[in-house]
Every structure is written in C-alpha cells, then in structure tokens.
file query03.txt (compact mmCIF, N, CA and C atoms)
# COMPACT_ATOMS: atom_id res chain seq x y z
N MET A 138 -14.61 -25.82 3.99
CA MET A 138 -13.46 -26.58 4.44
C MET A 138 -12.59 -27.02 3.27
N ALA A 139 -13.22 -27.37 2.15
CA ALA A 139 -12.45 -27.82 0.99
C ALA A 139 -11.52 -26.72 0.52
N LYS A 140 -11.95 -25.47 0.60
CA LYS A 140 -11.13 -24.35 0.16
C LYS A 140 -9.87 -24.25 1.03
N ALA A 141 -10.02 -24.43 2.33
CA ALA A 141 -8.87 -24.34 3.24
C ALA A 141 -7.86 -25.42 2.91
N LYS A 142 -8.34 -26.64 2.60
CA LYS A 142 -7.43 -27.71 2.23
C LYS A 142 -6.71 -27.39 0.93
N ALA A 143 -7.41 -26.79 -0.02
CA ALA A 143 -6.79 -26.42 -1.30
C ALA A 143 -5.73 -25.36 -1.07
N ASP A 144 -6.00 -24.39 -0.20
CA ASP A 144 -5.01 -23.36 0.10
C ASP A 144 -3.77 -23.97 0.74
N THR A 145 -3.96 -24.91 1.65
CA THR A 145 -2.83 -25.56 2.32
C THR A 145 -1.99 -26.32 1.30
N LYS A 146 -2.64 -27.04 0.40
CA LYS A 146 -1.92 -27.78 -0.63
C LYS A 146 -1.15 -26.84 -1.53
N ALA A 147 -1.76 -25.73 -1.90
CA ALA A 147 -1.09 -24.76 -2.76
C ALA A 147 0.10 -24.14 -2.05
N ASP A 148 -0.04 -23.88 -0.74
CA ASP A 148 1.06 -23.30 0.01
C ASP A 148 2.27 -24.22 0.01
N ALA A 149 2.02 -25.53 0.07
CA ALA A 149 3.13 -26.48 0.12
C ALA A 149 3.97 -26.41 -1.15
N ASN A 150 3.38 -25.97 -2.24
CA ASN A 150 4.10 -25.86 -3.50
C ASN A 150 4.90 -24.57 -3.62
N HIS A 151 4.86 -23.72 -2.60
CA HIS A 151 5.51 -22.42 -2.70
C HIS A 151 6.44 -22.18 -1.51
N ASP A 152 7.40 -23.08 -1.33
CA ASP A 152 8.43 -22.96 -0.30
C ASP A 152 7.86 -22.78 1.10
N GLY A 153 6.68 -23.31 1.35
CA GLY A 153 6.10 -23.24 2.68
C GLY A 153 5.64 -21.86 3.10
N LYS A 154 5.58 -20.91 2.19
CA LYS A 154 5.12 -19.56 2.52
C LYS A 154 3.62 -19.58 2.75
N SER A 155 3.18 -18.83 3.75
CA SER A 155 1.74 -18.70 3.98
C SER A 155 1.16 -17.77 2.93
N ASN A 156 -0.15 -17.83 2.77
CA ASN A 156 -0.80 -16.94 1.81
C ASN A 156 -0.55 -15.47 2.12
N PRO A 157 -0.64 -15.03 3.41
CA PRO A 157 -0.33 -13.62 3.69
C PRO A 157 1.12 -13.25 3.31
N ALA A 158 2.06 -14.17 3.51
CA ALA A 158 3.45 -13.89 3.15
C ALA A 158 3.62 -13.76 1.63
N ILE A 159 2.90 -14.60 0.90
CA ILE A 159 2.94 -14.52 -0.56
C ILE A 159 2.37 -13.19 -1.03
N ILE A 160 1.23 -12.79 -0.45
CA ILE A 160 0.61 -11.52 -0.83
C ILE A 160 1.54 -10.36 -0.47
N LEU A 161 2.21 -10.44 0.67
CA LEU A 161 3.17 -9.39 1.06
C LEU A 161 4.26 -9.26 0.01
N ASP A 162 4.81 -10.39 -0.45
CA ASP A 162 5.85 -10.36 -1.49
C ASP A 162 5.33 -9.70 -2.77
N ILE A 163 4.12 -10.08 -3.17
CA ILE A 163 3.54 -9.53 -4.39
C ILE A 163 3.31 -8.03 -4.26
N VAL A 164 2.72 -7.61 -3.14
CA VAL A 164 2.44 -6.18 -2.92
C VAL A 164 3.74 -5.38 -2.94
N GLU A 165 4.76 -5.90 -2.30
CA GLU A 165 6.05 -5.20 -2.26
C GLU A 165 6.64 -5.07 -3.66
N LYS A 166 6.53 -6.12 -4.48
CA LYS A 166 7.05 -6.08 -5.85
C LYS A 166 6.27 -5.10 -6.72
N ILE A 167 4.95 -5.05 -6.54
CA ILE A 167 4.12 -4.15 -7.35
C ILE A 167 4.42 -2.70 -7.03
N GLY A 168 4.57 -2.38 -5.75
CA GLY A 168 4.89 -1.02 -5.35
C GLY A 168 3.67 -0.25 -4.89
N ARG A 169 3.91 0.72 -4.04
CA ARG A 169 2.86 1.49 -3.38
C ARG A 169 1.87 2.13 -4.35
N ASP A 170 2.36 2.75 -5.40
CA ASP A 170 1.48 3.52 -6.29
C ASP A 170 0.71 2.66 -7.28
N SER A 171 1.11 1.41 -7.47
CA SER A 171 0.45 0.57 -8.47
C SER A 171 -0.37 -0.56 -7.87
N VAL A 172 -0.28 -0.75 -6.57
CA VAL A 172 -0.95 -1.90 -5.95
C VAL A 172 -2.46 -1.69 -5.89
N SER A 173 -3.18 -2.73 -6.27
CA SER A 173 -4.64 -2.78 -6.15
C SER A 173 -4.99 -4.25 -6.01
N ASP A 174 -6.21 -4.52 -5.60
CA ASP A 174 -6.63 -5.91 -5.47
C ASP A 174 -6.51 -6.63 -6.82
N ASP A 175 -6.87 -5.93 -7.89
CA ASP A 175 -6.82 -6.55 -9.22
C ASP A 175 -5.39 -6.88 -9.65
N THR A 176 -4.45 -5.95 -9.41
CA THR A 176 -3.07 -6.23 -9.81
C THR A 176 -2.48 -7.38 -8.99
N VAL A 177 -2.84 -7.43 -7.71
CA VAL A 177 -2.36 -8.52 -6.86
C VAL A 177 -2.97 -9.84 -7.30
N ARG A 178 -4.27 -9.84 -7.60
CA ARG A 178 -4.96 -11.06 -8.06
C ARG A 178 -4.31 -11.56 -9.35
N ASP A 179 -4.00 -10.64 -10.28
CA ASP A 179 -3.37 -11.04 -11.55
C ASP A 179 -1.98 -11.64 -11.30
N ALA A 180 -1.20 -11.02 -10.43
CA ALA A 180 0.14 -11.54 -10.13
C ALA A 180 0.05 -12.89 -9.43
N LEU A 181 -0.93 -13.05 -8.56
CA LEU A 181 -1.13 -14.31 -7.85
C LEU A 181 -1.45 -15.42 -8.84
N LYS A 182 -2.34 -15.16 -9.80
CA LYS A 182 -2.70 -16.16 -10.81
C LYS A 182 -1.51 -16.49 -11.69
N ARG A 183 -0.72 -15.47 -12.02
CA ARG A 183 0.41 -15.65 -12.92
C ARG A 183 1.58 -16.37 -12.24
N ASP A 184 1.92 -15.97 -11.02
CA ASP A 184 3.14 -16.46 -10.38
C ASP A 184 2.91 -17.59 -9.37
N TYR A 185 1.70 -17.74 -8.89
CA TYR A 185 1.40 -18.74 -7.86
C TYR A 185 0.16 -19.53 -8.26
N LYS A 186 0.28 -20.28 -9.31
CA LYS A 186 -0.86 -21.06 -9.79
C LYS A 186 -1.34 -22.01 -8.69
N GLY A 187 -2.66 -22.10 -8.59
CA GLY A 187 -3.24 -23.02 -7.61
C GLY A 187 -3.69 -22.35 -6.33
N ILE A 188 -3.24 -21.13 -6.09
CA ILE A 188 -3.68 -20.42 -4.90
C ILE A 188 -4.85 -19.54 -5.30
N GLU A 189 -6.00 -19.81 -4.70
CA GLU A 189 -7.19 -19.02 -4.98
C GLU A 189 -7.71 -18.48 -3.66
N LEU A 190 -7.90 -17.18 -3.60
CA LEU A 190 -8.42 -16.53 -2.41
C LEU A 190 -9.71 -15.82 -2.75
N SER A 191 -10.64 -15.81 -1.81
CA SER A 191 -11.88 -15.07 -2.03
C SER A 191 -11.54 -13.59 -2.12
N PRO A 192 -12.39 -12.80 -2.77
CA PRO A 192 -12.12 -11.37 -2.89
C PRO A 192 -11.93 -10.69 -1.53
N SER A 193 -12.74 -11.08 -0.54
CA SER A 193 -12.62 -10.43 0.77
C SER A 193 -11.31 -10.82 1.47
N THR A 194 -10.91 -12.08 1.34
CA THR A 194 -9.65 -12.52 1.95
C THR A 194 -8.48 -11.83 1.27
N LEU A 195 -8.52 -11.76 -0.06
CA LEU A 195 -7.45 -11.08 -0.79
C LEU A 195 -7.35 -9.63 -0.35
N LYS A 196 -8.49 -8.95 -0.24
CA LYS A 196 -8.52 -7.55 0.17
C LYS A 196 -7.89 -7.38 1.56
N GLN A 197 -8.20 -8.30 2.47
CA GLN A 197 -7.64 -8.24 3.83
C GLN A 197 -6.14 -8.47 3.81
N TYR A 198 -5.69 -9.44 3.03
CA TYR A 198 -4.25 -9.71 2.95
C TYR A 198 -3.50 -8.54 2.32
N VAL A 199 -4.09 -7.93 1.29
CA VAL A 199 -3.46 -6.77 0.66
C VAL A 199 -3.37 -5.63 1.67
N TYR A 200 -4.45 -5.40 2.41
CA TYR A 200 -4.43 -4.35 3.43
C TYR A 200 -3.36 -4.64 4.48
N ALA A 201 -3.31 -5.87 4.94
CA ALA A 201 -2.31 -6.25 5.96
C ALA A 201 -0.88 -6.04 5.42
N ALA A 202 -0.67 -6.39 4.15
CA ALA A 202 0.65 -6.21 3.54
C ALA A 202 1.00 -4.73 3.44
N ARG A 203 0.03 -3.92 2.99
CA ARG A 203 0.27 -2.47 2.88
C ARG A 203 0.57 -1.87 4.25
N LYS A 204 -0.13 -2.36 5.27
CA LYS A 204 0.09 -1.86 6.63
C LYS A 204 1.49 -2.26 7.10
N LYS A 205 1.86 -3.51 6.86
CA LYS A 205 3.17 -4.00 7.28
C LYS A 205 4.29 -3.21 6.59
N LEU A 206 4.04 -2.79 5.37
CA LEU A 206 5.03 -2.02 4.61
C LEU A 206 5.00 -0.54 4.95
N GLY A 207 4.06 -0.14 5.83
CA GLY A 207 3.97 1.26 6.25
C GLY A 207 3.27 2.15 5.26
N TRP A 208 2.38 1.57 4.46
CA TRP A 208 1.71 2.33 3.42
C TRP A 208 0.29 2.74 3.79
N VAL A 209 -0.14 2.49 5.02
CA VAL A 209 -1.48 2.88 5.44
C VAL A 209 -1.39 3.71 6.71
N LYS A 210 -2.51 4.34 7.04
CA LYS A 210 -2.59 5.18 8.22
C LYS A 210 -2.25 4.37 9.46
N ALA A 211 -1.43 4.93 10.31
CA ALA A 211 -1.05 4.25 11.55
C ALA A 211 -2.21 4.29 12.53
N ARG A 212 -2.18 3.40 13.50
CA ARG A 212 -3.22 3.34 14.53
C ARG A 212 -3.28 4.66 15.28
N GLY A 213 -4.48 5.09 15.58
CA GLY A 213 -4.66 6.35 16.30
C GLY A 213 -4.86 7.53 15.38
N GLY A 214 -4.86 7.28 14.07
CA GLY A 214 -5.18 8.33 13.14
C GLY A 214 -4.02 9.19 12.68
N THR A 215 -2.80 8.91 13.13
CA THR A 215 -1.67 9.70 12.64
C THR A 215 -1.27 9.19 11.28
N ALA A 216 -1.08 10.10 10.38
CA ALA A 216 -0.74 9.71 9.02
C ALA A 216 0.69 9.19 8.95
N VAL A 217 0.87 8.11 8.22
CA VAL A 217 2.20 7.61 7.92
C VAL A 217 2.68 8.41 6.72
N PRO A 218 3.87 9.00 6.80
CA PRO A 218 4.31 9.81 5.67
C PRO A 218 4.33 9.01 4.37
N SER A 219 3.76 9.56 3.34
CA SER A 219 3.84 8.92 2.04
C SER A 219 5.16 9.34 1.42
N ARG A 220 5.41 8.87 0.24
CA ARG A 220 6.70 9.20 -0.37
C ARG A 220 6.81 10.69 -0.68
N ASN A 221 5.70 11.42 -0.74
CA ASN A 221 5.72 12.85 -1.03
C ASN A 221 5.53 13.71 0.22
N GLY A 222 5.56 13.13 1.39
CA GLY A 222 5.33 13.89 2.62
C GLY A 222 4.21 13.31 3.41
N GLU A 223 3.55 14.15 4.20
CA GLU A 223 2.52 13.64 5.09
C GLU A 223 1.12 13.60 4.49
N VAL A 224 0.93 14.12 3.32
CA VAL A 224 -0.39 14.12 2.71
C VAL A 224 -0.52 12.91 1.79
N PRO A 225 -1.73 12.35 1.69
CA PRO A 225 -1.92 11.22 0.77
C PRO A 225 -1.76 11.68 -0.68
N THR A 226 -1.31 10.76 -1.50
CA THR A 226 -1.17 11.08 -2.93
C THR A 226 -2.54 11.03 -3.59
N LEU A 227 -2.62 11.56 -4.79
CA LEU A 227 -3.86 11.49 -5.56
C LEU A 227 -4.26 10.03 -5.77
N THR A 228 -3.29 9.19 -6.03
CA THR A 228 -3.56 7.76 -6.20
C THR A 228 -4.16 7.18 -4.93
N ASP A 229 -3.60 7.55 -3.77
CA ASP A 229 -4.14 7.09 -2.48
C ASP A 229 -5.60 7.51 -2.34
N LEU A 230 -5.89 8.76 -2.65
CA LEU A 230 -7.26 9.28 -2.53
C LEU A 230 -8.21 8.56 -3.49
N MET A 231 -7.76 8.35 -4.72
CA MET A 231 -8.60 7.66 -5.70
C MET A 231 -8.86 6.22 -5.27
N ASN A 232 -7.82 5.55 -4.75
CA ASN A 232 -7.99 4.17 -4.28
C ASN A 232 -8.94 4.12 -3.09
N ALA A 233 -8.84 5.10 -2.20
CA ALA A 233 -9.73 5.14 -1.03
C ALA A 233 -11.18 5.37 -1.47
N ARG A 234 -11.38 6.25 -2.42
CA ARG A 234 -12.73 6.51 -2.91
C ARG A 234 -13.29 5.27 -3.61
N LYS A 235 -12.47 4.61 -4.42
CA LYS A 235 -12.91 3.39 -5.12
C LYS A 235 -13.26 2.31 -4.11
N LEU A 236 -12.45 2.14 -3.08
CA LEU A 236 -12.74 1.14 -2.05
C LEU A 236 -14.07 1.46 -1.37
N SER A 237 -14.26 2.73 -1.04
CA SER A 237 -15.50 3.17 -0.41
C SER A 237 -16.70 2.83 -1.29
N GLU A 238 -16.58 3.09 -2.58
CA GLU A 238 -17.66 2.78 -3.52
C GLU A 238 -17.85 1.27 -3.66
N ASP A 239 -16.73 0.52 -3.72
CA ASP A 239 -16.81 -0.93 -3.89
C ASP A 239 -17.55 -1.61 -2.74
N VAL A 240 -17.35 -1.11 -1.52
CA VAL A 240 -18.02 -1.72 -0.37
C VAL A 240 -19.36 -1.07 -0.07
N GLY A 241 -19.72 -0.05 -0.85
CA GLY A 241 -21.02 0.59 -0.70
C GLY A 241 -21.17 1.38 0.58
N MET A 242 -20.09 2.02 1.00
CA MET A 242 -20.13 2.82 2.23
C MET A 242 -19.60 4.21 1.94
N SER A 243 -20.11 5.18 2.69
CA SER A 243 -19.56 6.53 2.58
C SER A 243 -18.16 6.50 3.21
N PRO A 244 -17.30 7.44 2.83
CA PRO A 244 -15.97 7.49 3.46
C PRO A 244 -16.06 7.59 4.99
N GLU A 245 -17.05 8.30 5.50
CA GLU A 245 -17.20 8.44 6.95
C GLU A 245 -17.49 7.10 7.60
N LYS A 246 -18.44 6.35 7.02
CA LYS A 246 -18.81 5.03 7.57
C LYS A 246 -17.65 4.05 7.45
N LEU A 247 -16.95 4.11 6.31
CA LEU A 247 -15.81 3.22 6.11
C LEU A 247 -14.71 3.54 7.12
N LEU A 248 -14.48 4.81 7.40
CA LEU A 248 -13.49 5.20 8.40
C LEU A 248 -13.87 4.67 9.78
N GLU A 249 -15.16 4.76 10.12
CA GLU A 249 -15.63 4.21 11.39
C GLU A 249 -15.35 2.71 11.46
N LEU A 250 -15.61 2.00 10.36
CA LEU A 250 -15.36 0.57 10.32
C LEU A 250 -13.87 0.28 10.47
N VAL A 251 -13.03 1.05 9.79
CA VAL A 251 -11.57 0.87 9.89
C VAL A 251 -11.12 1.05 11.33
N HIS A 252 -11.63 2.08 12.02
CA HIS A 252 -11.27 2.30 13.41
C HIS A 252 -11.73 1.13 14.29
N THR A 253 -12.92 0.63 14.02
CA THR A 253 -13.43 -0.52 14.78
C THR A 253 -12.54 -1.74 14.57
N LEU A 254 -12.18 -1.99 13.32
CA LEU A 254 -11.31 -3.13 13.01
C LEU A 254 -9.92 -2.95 13.62
N THR A 255 -9.41 -1.74 13.56
CA THR A 255 -8.09 -1.45 14.12
C THR A 255 -8.08 -1.66 15.63
N ASN A 256 -9.18 -1.32 16.28
CA ASN A 256 -9.26 -1.51 17.72
C ASN A 256 -9.21 -2.98 18.11
N PHE A 257 -9.57 -3.87 17.18
CA PHE A 257 -9.48 -5.30 17.44
C PHE A 257 -8.03 -5.69 17.67
N GLY A 258 -7.14 -5.06 16.92
CA GLY A 258 -5.71 -5.39 17.00
C GLY A 258 -5.19 -5.76 15.63
N ASP A 259 -4.42 -6.81 15.60
CA ASP A 259 -3.75 -7.27 14.39
C ASP A 259 -4.75 -7.73 13.34
N VAL A 260 -4.66 -7.20 12.13
CA VAL A 260 -5.59 -7.55 11.05
C VAL A 260 -5.43 -9.01 10.65
N GLU A 261 -4.23 -9.54 10.69
CA GLU A 261 -4.02 -10.94 10.33
C GLU A 261 -4.71 -11.86 11.33
N THR A 262 -4.68 -11.51 12.62
CA THR A 262 -5.37 -12.30 13.63
C THR A 262 -6.88 -12.23 13.41
N LEU A 263 -7.38 -11.04 13.15
CA LEU A 263 -8.80 -10.87 12.87
C LEU A 263 -9.20 -11.70 11.66
N THR A 264 -8.40 -11.65 10.62
CA THR A 264 -8.67 -12.42 9.41
C THR A 264 -8.75 -13.91 9.72
N ALA A 265 -7.77 -14.41 10.46
CA ALA A 265 -7.74 -15.83 10.82
C ALA A 265 -8.97 -16.20 11.65
N CYS A 266 -9.35 -15.35 12.59
CA CYS A 266 -10.53 -15.60 13.43
C CYS A 266 -11.80 -15.64 12.59
N LEU A 267 -11.96 -14.67 11.70
CA LEU A 267 -13.17 -14.61 10.88
C LEU A 267 -13.24 -15.80 9.92
N GLU A 268 -12.11 -16.18 9.34
CA GLU A 268 -12.09 -17.34 8.45
C GLU A 268 -12.46 -18.60 9.22
N ALA A 269 -11.97 -18.73 10.45
CA ALA A 269 -12.31 -19.89 11.28
C ALA A 269 -13.80 -19.90 11.61
N LEU A 270 -14.36 -18.73 11.93
CA LEU A 270 -15.79 -18.65 12.22
C LEU A 270 -16.64 -19.02 11.01
N ILE A 271 -16.21 -18.58 9.83
CA ILE A 271 -16.92 -18.94 8.59
C ILE A 271 -16.86 -20.44 8.37
N GLU A 272 -15.67 -21.00 8.55
CA GLU A 272 -15.49 -22.43 8.35
C GLU A 272 -16.34 -23.23 9.34
N LEU A 273 -16.41 -22.78 10.56
CA LEU A 273 -17.21 -23.47 11.58
C LEU A 273 -18.71 -23.40 11.27
N SER A 274 -19.13 -22.33 10.62
CA SER A 274 -20.54 -22.16 10.33
C SER A 274 -21.00 -22.98 9.12
N GLU A 275 -20.06 -23.49 8.36
CA GLU A 275 -20.41 -24.28 7.15
C GLU A 275 -20.83 -25.69 7.50

call {"tool": "encode", "arguments": {"input": "query03.txt", "output": "structure tokens"}}
result
Amino acid sequence: MAKAKADTKADANHDGKSNPAIILDIVEKIGRDSVSDDTVRDALKRDYKGIELSPSTLKQYVYAARKKLGWVKARGGTAVPSRNGEVPTLTDLMNARKLSEDVGMSPEKLLELVHTLTNFGDVETLTACLEALIELSE
C-alpha cells in the first residue's frame, strides 16, 4: 500500500499524468527500434524523479504503450505492419527472444500466455486489476 501512495504523490508532481501516460510519453520519445524496459527505466529515473515502478509493472506499461502506438501484434494474430513491412525487424525478433529468456519461457509458451492475456481484454485494465489484487493480499 505504501508504494501506491508514493506513486500517487509522484504523479501529482507531473502535471497529473498517470504512470501509464508517462510511460507512453517516454516510449514514444525513445522510438520503436530503441525501446526496452531498461531504456524506459533510465528515462523515468532521469526525467521523472520520484516515480518508482516494479519491474513487472514497468514491463506491462511499456507493453501497453507499444500496443497503443501500434508497435505490437494486433489481437487475433494479424501482424501490425512494422516500418519495413509486415515482417518483424531483427530488433523485434531479438527483443522477443530476450523477453522469452528473461521470463524463462519458450517462445511457444510465451505466445500462449500472450494470447491468454489478450483474451482478457485491455492490458491496462488487467494491470490495474492485478495490482489491486496484490495490494489486497498484503
């Protein structure tokens, strides 16, 4: 609960923007080919002092921002055209493999999880629900 209060206080210092909105701004500034959790975390520390997000929350917000910007696979498995056409870039593939390794899942299992999460609906709603459940369990 203390973390949620700290996030709220930090948000008040940044023109009333929510944490997901701040992450969206950062992701958009960094750009599709350079965005990673680490680059976003560094920009957040540099430009928005006082806002601290857990690694999993940051990862979810970055994913939601990339999705909102049209940089991830659309629901139903149809590829969103990348800047070079309909195939993922080498950077996209490397980032996907790194994510798969970071979470300790094969690409197949991770894809199954992504489909399961996508079927829930809006990632931001899912994030808010899961954060509330965690907070309630504390």

call {"tool": "atom_distance", "arguments": {"input": "query03.txt", "atom1": "CA of Thr226 in chain A", "atom2": "CA of Val164 in chain A"}}
result
17.6 Å

call {"tool": "residues_around", "arguments": {"input": "query03.txt", "residues": "Ala180 in chain A", "least_positions_apart": "6", "cutoff": "8 Å", "atoms": "only N, CA and C atoms", "output": "list in words"}}
result
Ile163, Asp174 and Lys186 of chain A

call {"tool": "atom_distance", "arguments": {"input": "query03.txt", "atom1": "CA of Tyr198 in chain A", "atom2": "atom N of Leu161 in chain A"}}
result
6.9 Å

call {"tool": "atom_distance", "arguments": {"input": "query03.txt", "atom1": "CA of Asp179 in chain A", "atom2": "CA of Leu267 in chain A"}}
result
24.7 Å

call {"tool": "closest_residue", "arguments": {"input": "query03.txt", "among": "A:Ile160, A:Ile271, A:Leu206, A:Met242", "to": "Asp184 in chain A", "atoms": "only C-alpha atoms"}}
result
A:Ile160

call {"tool": "closest_residue", "arguments": {"input": "query03.txt", "among": "A:Arg169, A:Arg183, A:Arg178, A:Lys196", "to": "Asp239 in chain A", "atoms": "only C-alpha atoms"}}
result
A:Lys196

call {"tool": "residues_around", "arguments": {"input": "query03.txt", "residues": "Ala201 in chain A", "least_positions_apart": "2", "cutoff": "10 Å", "atoms": "only C-alpha atoms", "output": "MDAnalysis selection string"}}
result
chainID A and resid 157:158 160:161 195:199 203:209 259:261 264

call {"tool": "select_by_dssp", "arguments": {"input": "query03.txt", "residues": "range 142-269 of chain A", "states": "helix (DSSP H, G or I)", "output": "number ranges by chain"}}
result
A: 142-149, 156-167, 174-184, 192-205, 227-239, 244-257, 260-269

call {"tool": "closest_residue", "arguments": {"input": "query03.txt", "among": "A:Glu249, A:Leu227, A:Asn156, A:Lys235", "to": "Ser191 in chain A", "atoms": "only C-alpha atoms"}}
result
A:Asn156

call {"tool": "decode", "arguments": {"input": "query03.txt", "residues": "range 166-179 of chain A", "atoms": "N, CA and C atoms", "output": "PDB file, in the first residue's frame"}}
result
ATOM      1  N   LYS A 166       8.914   8.842 -27.206  1.00  0.00           N
ATOM      2  CA  LYS A 166      10.135   9.630 -27.415  1.00  0.00           C
ATOM      3  C   LYS A 166      11.327   8.741 -27.763  1.00  0.00           C
ATOM      4  N   ILE A 167      11.424   7.578 -27.117  1.00  0.00           N
ATOM      5  CA  ILE A 167      12.549   6.678 -27.369  1.00  0.00           C
ATOM      6  C   ILE A 167      12.489   6.113 -28.776  1.00  0.00           C
ATOM      7  N   GLY A 168      11.303   5.732 -29.223  1.00  0.00           N
ATOM      8  CA  GLY A 168      11.148   5.205 -30.572  1.00  0.00           C
ATOM      9  C   GLY A 168      11.107   3.694 -30.607  1.00  0.00           C
ATOM     10  N   ARG A 169      10.450   3.180 -31.622  1.00  0.00           N
ATOM     11  CA  ARG A 169      10.189   1.746 -31.762  1.00  0.00           C
ATOM     12  C   ARG A 169      11.441   0.887 -31.699  1.00  0.00           C
ATOM     13  N   ASP A 170      12.482   1.272 -32.402  1.00  0.00           N
ATOM     14  CA  ASP A 170      13.664   0.417 -32.518  1.00  0.00           C
ATOM     15  C   ASP A 170      14.588   0.483 -31.310  1.00  0.00           C
ATOM     16  N   SER A 171      14.426   1.485 -30.453  1.00  0.00           N
ATOM     17  CA  SER A 171      15.342   1.629 -29.319  1.00  0.00           C
ATOM     18  C   SER A 171      14.686   1.347 -27.972  1.00  0.00           C
ATOM     19  N   VAL A 172      13.380   1.152 -27.957  1.00  0.00           N
ATOM     20  CA  VAL A 172      12.679   0.997 -26.682  1.00  0.00           C
ATOM     21  C   VAL A 172      12.964  -0.369 -26.058  1.00  0.00           C
ATOM     22  N   SER A 173      13.252  -0.338 -24.771  1.00  0.00           N
ATOM     23  CA  SER A 173      13.409  -1.551 -23.967  1.00  0.00           C
ATOM     24  C   SER A 173      13.035  -1.154 -22.544  1.00  0.00           C
ATOM     25  N   ASP A 174      12.825  -2.139 -21.703  1.00  0.00           N
ATOM     26  CA  ASP A 174      12.490  -1.835 -20.314  1.00  0.00           C
ATOM     27  C   ASP A 174      13.609  -1.010 -19.664  1.00  0.00           C
ATOM     28  N   ASP A 175      14.851  -1.349 -19.983  1.00  0.00           N
ATOM     29  CA  ASP A 175      15.985  -0.637 -19.390  1.00  0.00           C
ATOM     30  C   ASP A 175      16.046   0.823 -19.838  1.00  0.00           C
ATOM     31  N   THR A 176      15.828   1.076 -21.135  1.00  0.00           N
ATOM     32  CA  THR A 176      15.883   2.466 -21.605  1.00  0.00           C
ATOM     33  C   THR A 176      14.740   3.284 -21.012  1.00  0.00           C
ATOM     34  N   VAL A 177      13.576   2.662 -20.875  1.00  0.00           N
ATOM     35  CA  VAL A 177      12.434   3.364 -20.276  1.00  0.00           C
ATOM     36  C   VAL A 177      12.704   3.629 -18.801  1.00  0.00           C
ATOM     37  N   ARG A 178      13.242   2.638 -18.088  1.00  0.00           N
ATOM     38  CA  ARG A 178      13.563   2.808 -16.661  1.00  0.00           C
ATOM     39  C   ARG A 178      14.567   3.947 -16.484  1.00  0.00           C
ATOM     40  N   ASP A 179      15.592   4.006 -17.352  1.00  0.00           N
ATOM     41  CA  ASP A 179      16.594   5.070 -17.262  1.00  0.00           C
ATOM     42  C   ASP A 179      15.961   6.444 -17.502  1.00  0.00           C
TER      43      ASP A 179
END
